[in-house]
>>> print(open('data.txt').read())   # compact mmCIF, C-alpha atoms
# COMPACT_ATOMS: atom_id res chain seq x y z
CA ASP A 22 0.00 0.00 0.00
CA THR A 23 1.72 3.14 -1.22
CA GLU A 24 -0.87 5.79 -0.70
CA VAL A 25 -2.11 8.30 1.81
CA THR A 26 -5.87 8.38 2.26
CA GLN A 27 -7.93 11.25 3.60
CA THR A 28 -11.55 11.45 4.69
CA PRO A 29 -13.87 13.11 4.06
CA LYS A 30 -13.22 14.38 0.53
CA HIS A 31 -15.48 17.36 1.08
CA LEU A 32 -16.70 19.02 4.28
CA VAL A 33 -19.05 21.93 4.78
CA MET A 34 -19.35 23.27 8.30
CA GLY A 35 -20.72 26.22 10.16
CA MET A 36 -18.60 28.41 12.36
CA THR A 37 -19.95 26.79 15.54
CA ASN A 38 -19.49 23.19 14.43
CA LYS A 39 -16.90 20.69 15.56
CA LYS A 40 -15.57 18.32 12.94
CA SER A 41 -12.48 16.19 12.31
CA LEU A 42 -10.35 15.37 9.29
CA LYS A 43 -8.72 11.97 9.11
CA CYS A 44 -5.55 10.82 7.40
CA GLU A 45 -4.16 7.30 7.15
CA GLN A 46 -1.03 5.69 5.71
CA HIS A 47 0.24 2.14 5.85
CA MET A 48 3.70 2.66 4.41
CA GLY A 49 5.42 2.57 7.79
CA HIS A 50 6.27 6.27 7.57
CA ARG A 51 7.18 7.92 10.85
CA ALA A 52 6.70 11.56 9.83
CA MET A 53 3.26 12.97 9.08
CA TYR A 54 2.23 16.46 8.08
CA TRP A 55 -0.80 18.71 7.77
CA TYR A 56 -0.81 21.41 5.13
CA LYS A 57 -3.36 24.06 4.18
CA GLN A 58 -3.63 25.06 0.55
CA LYS A 59 -5.54 27.97 -0.92
CA ALA A 60 -6.49 27.98 -4.59
CA LYS A 61 -3.53 28.29 -6.98
CA LYS A 62 -1.11 28.71 -4.07
CA PRO A 63 1.55 26.39 -2.66
CA PRO A 64 0.77 24.29 0.41
CA GLU A 65 1.43 25.97 3.75
CA LEU A 66 2.78 23.76 6.50
CA MET A 67 0.63 23.61 9.64
CA PHE A 68 1.90 20.72 11.76
CA VAL A 69 4.57 18.02 11.71
CA TYR A 70 4.50 14.81 13.71
CA SER A 71 7.71 12.82 14.15
CA TYR A 72 7.40 9.39 15.73
CA GLU A 73 3.82 10.25 16.79
CA LYS A 74 4.94 13.38 18.65
CA LEU A 75 4.18 16.93 17.56
CA SER A 76 7.50 18.43 16.45
CA ILE A 77 6.41 21.54 14.55
CA ASN A 78 3.44 23.84 14.99
CA GLU A 79 3.64 26.70 12.53
CA SER A 80 1.82 29.18 14.78
CA VAL A 81 -1.52 27.69 13.82
CA PRO A 82 -4.61 29.07 15.65
CA SER A 83 -5.90 26.88 18.45
CA ARG A 84 -9.16 26.26 16.57
CA PHE A 85 -7.08 23.65 14.72
CA SER A 86 -6.04 20.78 16.96
CA PRO A 87 -3.93 17.90 15.60
CA GLU A 88 -3.79 14.42 17.01
CA CYS A 89 -1.67 11.39 16.14
CA PRO A 90 -3.28 8.32 17.79
CA ASN A 91 -0.74 5.91 16.29
CA SER A 92 1.93 5.72 13.61
CA SER A 93 -0.62 5.22 10.81
CA LEU A 94 -3.25 7.79 11.72
CA LEU A 95 -3.35 11.56 11.84
CA ASN A 96 -6.39 13.63 12.75
CA LEU A 97 -7.12 17.32 12.56
CA HIS A 98 -9.87 18.49 14.89
CA LEU A 99 -11.71 21.63 13.86
CA HIS A 100 -13.71 23.94 16.11
CA ALA A 101 -15.11 27.45 15.72
CA LEU A 102 -13.54 27.95 12.32
CA GLN A 103 -13.75 31.14 10.30
CA PRO A 104 -14.76 31.48 6.63
CA GLU A 105 -11.13 32.30 5.77
CA ASP A 106 -10.21 28.79 6.92
CA SER A 107 -11.92 27.41 3.83
CA ALA A 108 -9.21 25.63 1.84
CA LEU A 109 -7.89 22.27 0.71
CA TYR A 110 -6.31 20.46 3.66
CA LEU A 111 -3.57 18.07 2.67
CA CYS A 112 -2.01 15.31 4.69
CA ALA A 113 1.43 13.95 3.82
CA SER A 114 3.88 11.41 5.14
CA SER A 115 7.55 10.57 4.73
CA GLN A 116 9.82 7.79 5.91
CA GLU A 117 12.24 8.72 8.65
CA PRO A 118 11.83 12.26 10.00
CA GLY A 119 15.59 12.79 10.19
CA LEU A 120 16.25 11.91 6.55
CA ARG A 121 15.82 15.23 4.80
CA TYR A 122 16.17 13.80 1.30
CA ASN A 123 13.00 11.73 1.61
CA GLU A 124 10.10 12.87 -0.50
CA GLN A 125 6.69 13.41 1.01
CA PHE A 126 3.67 11.42 -0.14
CA PHE A 127 0.49 13.46 -0.24
CA GLY A 128 -3.11 12.44 0.17
CA PRO A 129 -5.85 13.76 -2.14
CA GLY A 130 -6.95 16.34 0.40
CA THR A 131 -10.17 17.40 2.11
CA ARG A 132 -11.94 20.38 0.56
CA LEU A 133 -13.24 22.37 3.54
CA THR A 134 -15.86 25.09 3.26
CA VAL A 135 -16.73 27.14 6.33
CA LEU A 136 -20.02 29.01 6.13
CA ALA B 16 16.79 30.21 5.62
CA GLN B 17 15.64 28.53 2.44
CA SER B 18 13.50 29.78 -0.44
CA VAL B 19 12.32 28.77 -3.90
CA ALA B 20 11.33 30.94 -6.84
CA GLN B 21 9.31 29.85 -9.85
CA PRO B 22 9.49 32.93 -12.06
CA GLU B 23 6.66 31.96 -14.42
CA ASP B 24 3.05 31.80 -13.24
CA GLN B 25 2.11 29.99 -16.44
CA VAL B 26 3.91 28.20 -19.25
CA ASN B 27 2.15 27.50 -22.55
CA VAL B 28 3.43 24.76 -24.84
CA ALA B 29 2.10 23.03 -27.92
CA GLU B 30 1.68 19.27 -27.71
CA GLY B 31 4.77 17.48 -28.95
CA ASN B 32 7.09 20.39 -28.21
CA PRO B 33 9.69 20.33 -25.43
CA LEU B 34 8.76 22.01 -22.17
CA THR B 35 10.73 23.68 -19.42
CA VAL B 36 9.43 24.85 -16.05
CA LYS B 37 11.94 27.02 -14.22
CA CYS B 38 12.97 26.87 -10.58
CA THR B 39 15.70 28.65 -8.64
CA TYR B 40 16.48 28.15 -4.98
CA SER B 41 18.38 29.59 -2.06
CA VAL B 42 19.63 27.57 0.92
CA SER B 43 22.39 27.92 3.46
CA GLY B 44 23.49 24.29 3.23
CA ASN B 45 23.42 21.68 0.47
CA PRO B 46 20.00 21.44 -1.20
CA TYR B 47 17.66 18.54 -1.61
CA LEU B 48 15.34 19.52 -4.46
CA PHE B 49 11.95 18.13 -5.42
CA TRP B 50 9.34 18.54 -8.12
CA TYR B 51 5.66 17.83 -7.51
CA VAL B 52 2.66 17.98 -9.83
CA GLN B 53 -0.91 18.76 -8.81
CA TYR B 54 -3.94 18.03 -10.93
CA PRO B 55 -7.20 19.93 -10.21
CA ASN B 56 -8.75 19.10 -6.82
CA ARG B 57 -6.04 16.54 -6.09
CA GLY B 58 -3.08 16.24 -3.77
CA LEU B 59 0.52 16.73 -4.81
CA GLN B 60 2.22 13.91 -6.68
CA PHE B 61 5.97 13.41 -6.44
CA LEU B 62 7.81 13.55 -9.78
CA LEU B 63 11.53 13.49 -9.01
CA LYS B 64 14.23 14.67 -6.65
CA TYR B 65 17.89 15.64 -6.56
CA ILE B 66 19.98 14.46 -3.64
CA THR B 67 23.56 14.32 -4.89
CA GLY B 68 25.59 13.00 -7.80
CA ASP B 69 24.46 13.17 -11.41
CA ASN B 70 23.08 16.61 -12.21
CA LEU B 71 20.43 15.20 -14.56
CA VAL B 72 17.65 13.48 -12.67
CA LYS B 73 15.02 11.37 -14.37
CA GLY B 74 11.57 10.95 -12.90
CA SER B 75 8.03 9.82 -13.56
CA TYR B 76 6.08 10.26 -16.82
CA GLY B 77 9.14 11.15 -18.88
CA PHE B 78 10.06 14.21 -16.82
CA GLU B 79 13.63 15.10 -15.96
CA ALA B 80 15.33 17.97 -14.18
CA GLU B 81 18.79 19.45 -14.32
CA PHE B 82 20.55 20.61 -11.18
CA ASN B 83 22.87 23.56 -11.73
CA LYS B 84 24.76 24.52 -8.60
CA SER B 85 26.39 27.66 -10.00
CA GLN B 86 23.04 29.04 -11.15
CA THR B 87 21.17 27.59 -8.13
CA SER B 88 18.57 26.22 -10.50
CA PHE B 89 16.60 23.01 -10.88
CA HIS B 90 14.54 23.34 -14.05
CA LEU B 91 11.99 20.68 -14.96
CA LYS B 92 12.01 19.43 -18.53
CA LYS B 93 10.28 17.04 -20.86
CA PRO B 94 11.28 16.40 -24.48
CA SER B 95 7.73 16.10 -25.82
CA ALA B 96 4.74 17.56 -23.98
CA LEU B 97 1.35 15.85 -23.74
CA VAL B 98 -2.01 17.53 -23.22
CA SER B 99 -2.34 15.38 -20.09
CA ASP B 100 0.74 17.12 -18.64
CA SER B 101 -1.39 20.24 -18.11
CA ALA B 102 -1.34 20.80 -14.36
CA LEU B 103 0.18 22.90 -11.57
CA TYR B 104 3.85 22.21 -10.88
CA PHE B 105 5.66 22.96 -7.63
CA CYS B 106 9.39 23.02 -7.00
CA ALA B 107 10.48 22.50 -3.39
CA VAL B 108 13.72 22.58 -1.43
CA ARG B 109 15.01 21.37 1.89
CA ALA B 110 18.54 22.10 3.10
CA ASP B 111 20.60 19.21 4.43
CA ASN B 112 21.16 21.19 7.63
CA ASN B 113 17.51 22.17 8.09
CA ALA B 114 16.87 21.27 11.70
CA GLY B 115 13.14 21.57 11.33
CA ASN B 116 12.98 19.19 8.37
CA MET B 117 10.68 21.65 6.64
CA LEU B 118 10.01 21.63 2.92
CA THR B 119 9.78 25.04 1.25
CA PHE B 120 7.65 25.28 -1.89
CA GLY B 121 7.82 27.69 -4.78
CA GLY B 122 4.72 29.59 -5.80
CA GLY B 123 3.81 27.09 -8.50
CA THR B 124 3.72 27.21 -12.31
CA ARG B 125 0.65 26.32 -14.31
CA LEU B 126 1.55 24.32 -17.38
CA MET B 127 -0.89 24.48 -20.27
CA VAL B 128 -0.28 22.08 -23.15
CA LYS B 129 -2.43 22.80 -26.17
CA PRO B 130 -3.28 20.24 -28.85
>>> encode(input="data.txt", output="structure tokens")
Amino acid sequence: DTEVTQTPKHLVMGMTNKKSLKCEQHMGHRAMYWYKQKAKKPPELMFVYSYEKLSINESVPSRFSPECPNSSLLNLHLHALQPEDSALYLCASSQEPGLRYNEQFFGPGTRLTVL
Amino acid sequence: AQSVAQPEDQVNVAEGNPLTVKCTYSVSGNPYLFWYVQYPNRGLQFLLKYITGDNLVKGSYGFEAEFNKSQTSFHLKKPSALVSDSALYFCAVRADNNAGNMLTFGGGTRLMVKP
């Protein structure tokens, strides 16, 4: 299995809702990432998990809360989002966190719309 | 600090003609360089990478890239473009001494291949 899966594909939520995005990989990768991507722009790094521990938080607002329950799963919990948070949310993984030449494998993304 | 520049927002090529998508980078250490492609409403797909050694790197779908250290460039090339190559292309860099293991993306170049 050489892919990263993300659910749901699309999500529409109100500003008072609580929802979660899910990401899964079974490649044995020990680094996992959340990115936010606006239309026609490059992905912006949000969080990095190395060996299931949060290693980087790119000053993301607390309304985004990541969780890594095990080495294959990565969640992003959403609460009280703003319309400007509407974007494509991408999950990615790579082999060993310390090996900087490893490429990242991206999932298809979750298209989030906040009303 | 590390950065990537993709000087062209869009590149237009006729099918069957060679294509080049430009990328220049800046890092404080030795660079690891990557090219990704993104089709509409999809995640990023890895094409190729430069780690060390041969300056000409071959990747997926007939793409190749040439690393030029003196010009700090890593241009993506293909000898004969296909209409199906039309997509958004991102160049990315990570320095070998990047403690945070972060990948820096260029702004992206939209490739349009016309029949």
>>> interface_residues(input="data.txt", of="chain A", to="chain B", cutoff="12 Å", atoms="all atoms listed in the file", output="MDAnalysis selection string")
chainID A and resid 24:27 30:31 52:71 75:79 108:115 117:133
>>> residues_around(input="data.txt", residues="B:Ala16", least_positions_apart="5", cutoff="8 Å", atoms="all atoms listed in the file", output="list in words")
Ser41, Val42 and Ser43 of chain B
>>> write_last_selection(input="data.txt", atoms="C-alpha atoms", output="mmCIF file, keeping the file's coordinate frame")
data_model
loop_
_atom_site.group_PDB
_atom_site.id
_atom_site.type_symbol
_atom_site.label_atom_id
_atom_site.label_comp_id
_atom_site.auth_asym_id
_atom_site.auth_seq_id
_atom_site.Cartn_x
_atom_site.Cartn_y
_atom_site.Cartn_z
ATOM 1 C CA SER B 41 18.380 29.590 -2.060
ATOM 2 C CA VAL B 42 19.630 27.570 0.920
ATOM 3 C CA SER B 43 22.390 27.920 3.460
#
>>> axis_aligned_box(input="data.txt", around="stretch 57-69 of chain A", padding_each_side="5 Å", output="lines of an AutoDock Vina configuration file")
center_x = -1.0
center_y = 23.4
center_z = 2.4
size_x = 21.1
size_y = 20.7
size_z = 28.7
>>> atom_distance(input="data.txt", atom1="atom CA of B:Tyr76", atom2="atom CA of B:Met127")
16.2 Å
>>> atom_distance(input="data.txt", atom1="atom CA of B:Lys93", atom2="atom CA of B:Glu79")
6.2 Å
>>> atom_distance(input="data.txt", atom1="atom CA of B:Lys92", atom2="atom CA of B:Gly68")
18.5 Å
>>> closest_residue(input="data.txt", among="A:Thr28, A:Val135, A:His47, A:Phe85", to="A:Glu105", atoms="all atoms listed in the file")
A:Val135
>>> residues_around(input="data.txt", residues="B:Asn83", least_positions_apart="5", cutoff="7 Å", atoms="only C-alpha atoms", output="PyMOL selection string")
chain B and resi 70+88-89
>>> write_last_selection(input="data.txt", atoms="C-alpha atoms", output="mmCIF file, keeping the file's coordinate frame")
data_model
loop_
_atom_site.group_PDB
_atom_site.id
_atom_site.type_symbol
_atom_site.label_atom_id
_atom_site.label_comp_id
_atom_site.auth_asym_id
_atom_site.auth_seq_id
_atom_site.Cartn_x
_atom_site.Cartn_y
_atom_site.Cartn_z
ATOM 1 C CA ASN B 70 23.080 16.610 -12.210
ATOM 2 C CA SER B 88 18.570 26.220 -10.500
ATOM 3 C CA PHE B 89 16.600 23.010 -10.880
#
>>> closest_residue(input="data.txt", among="B:Ser75, B:Thr39, B:Asn45, B:Ser95", to="B:Ala20", atoms="all atoms listed in the file")
B:Thr39
>>> residues_near_point(input="data.txt", point="(3.2, 11.5, 17.1)", cutoff="8 Å", atoms="all atoms listed in the file", output="NGL selection string")
:A and (70-75 or 88-92)
>>> residues_near_point(input="data.txt", point="(10.5, 3.5, 10.5)", cutoff="8 Å", atoms="all atoms listed in the file", output="PyMOL selection string")
chain A and resi 49-51+116-117
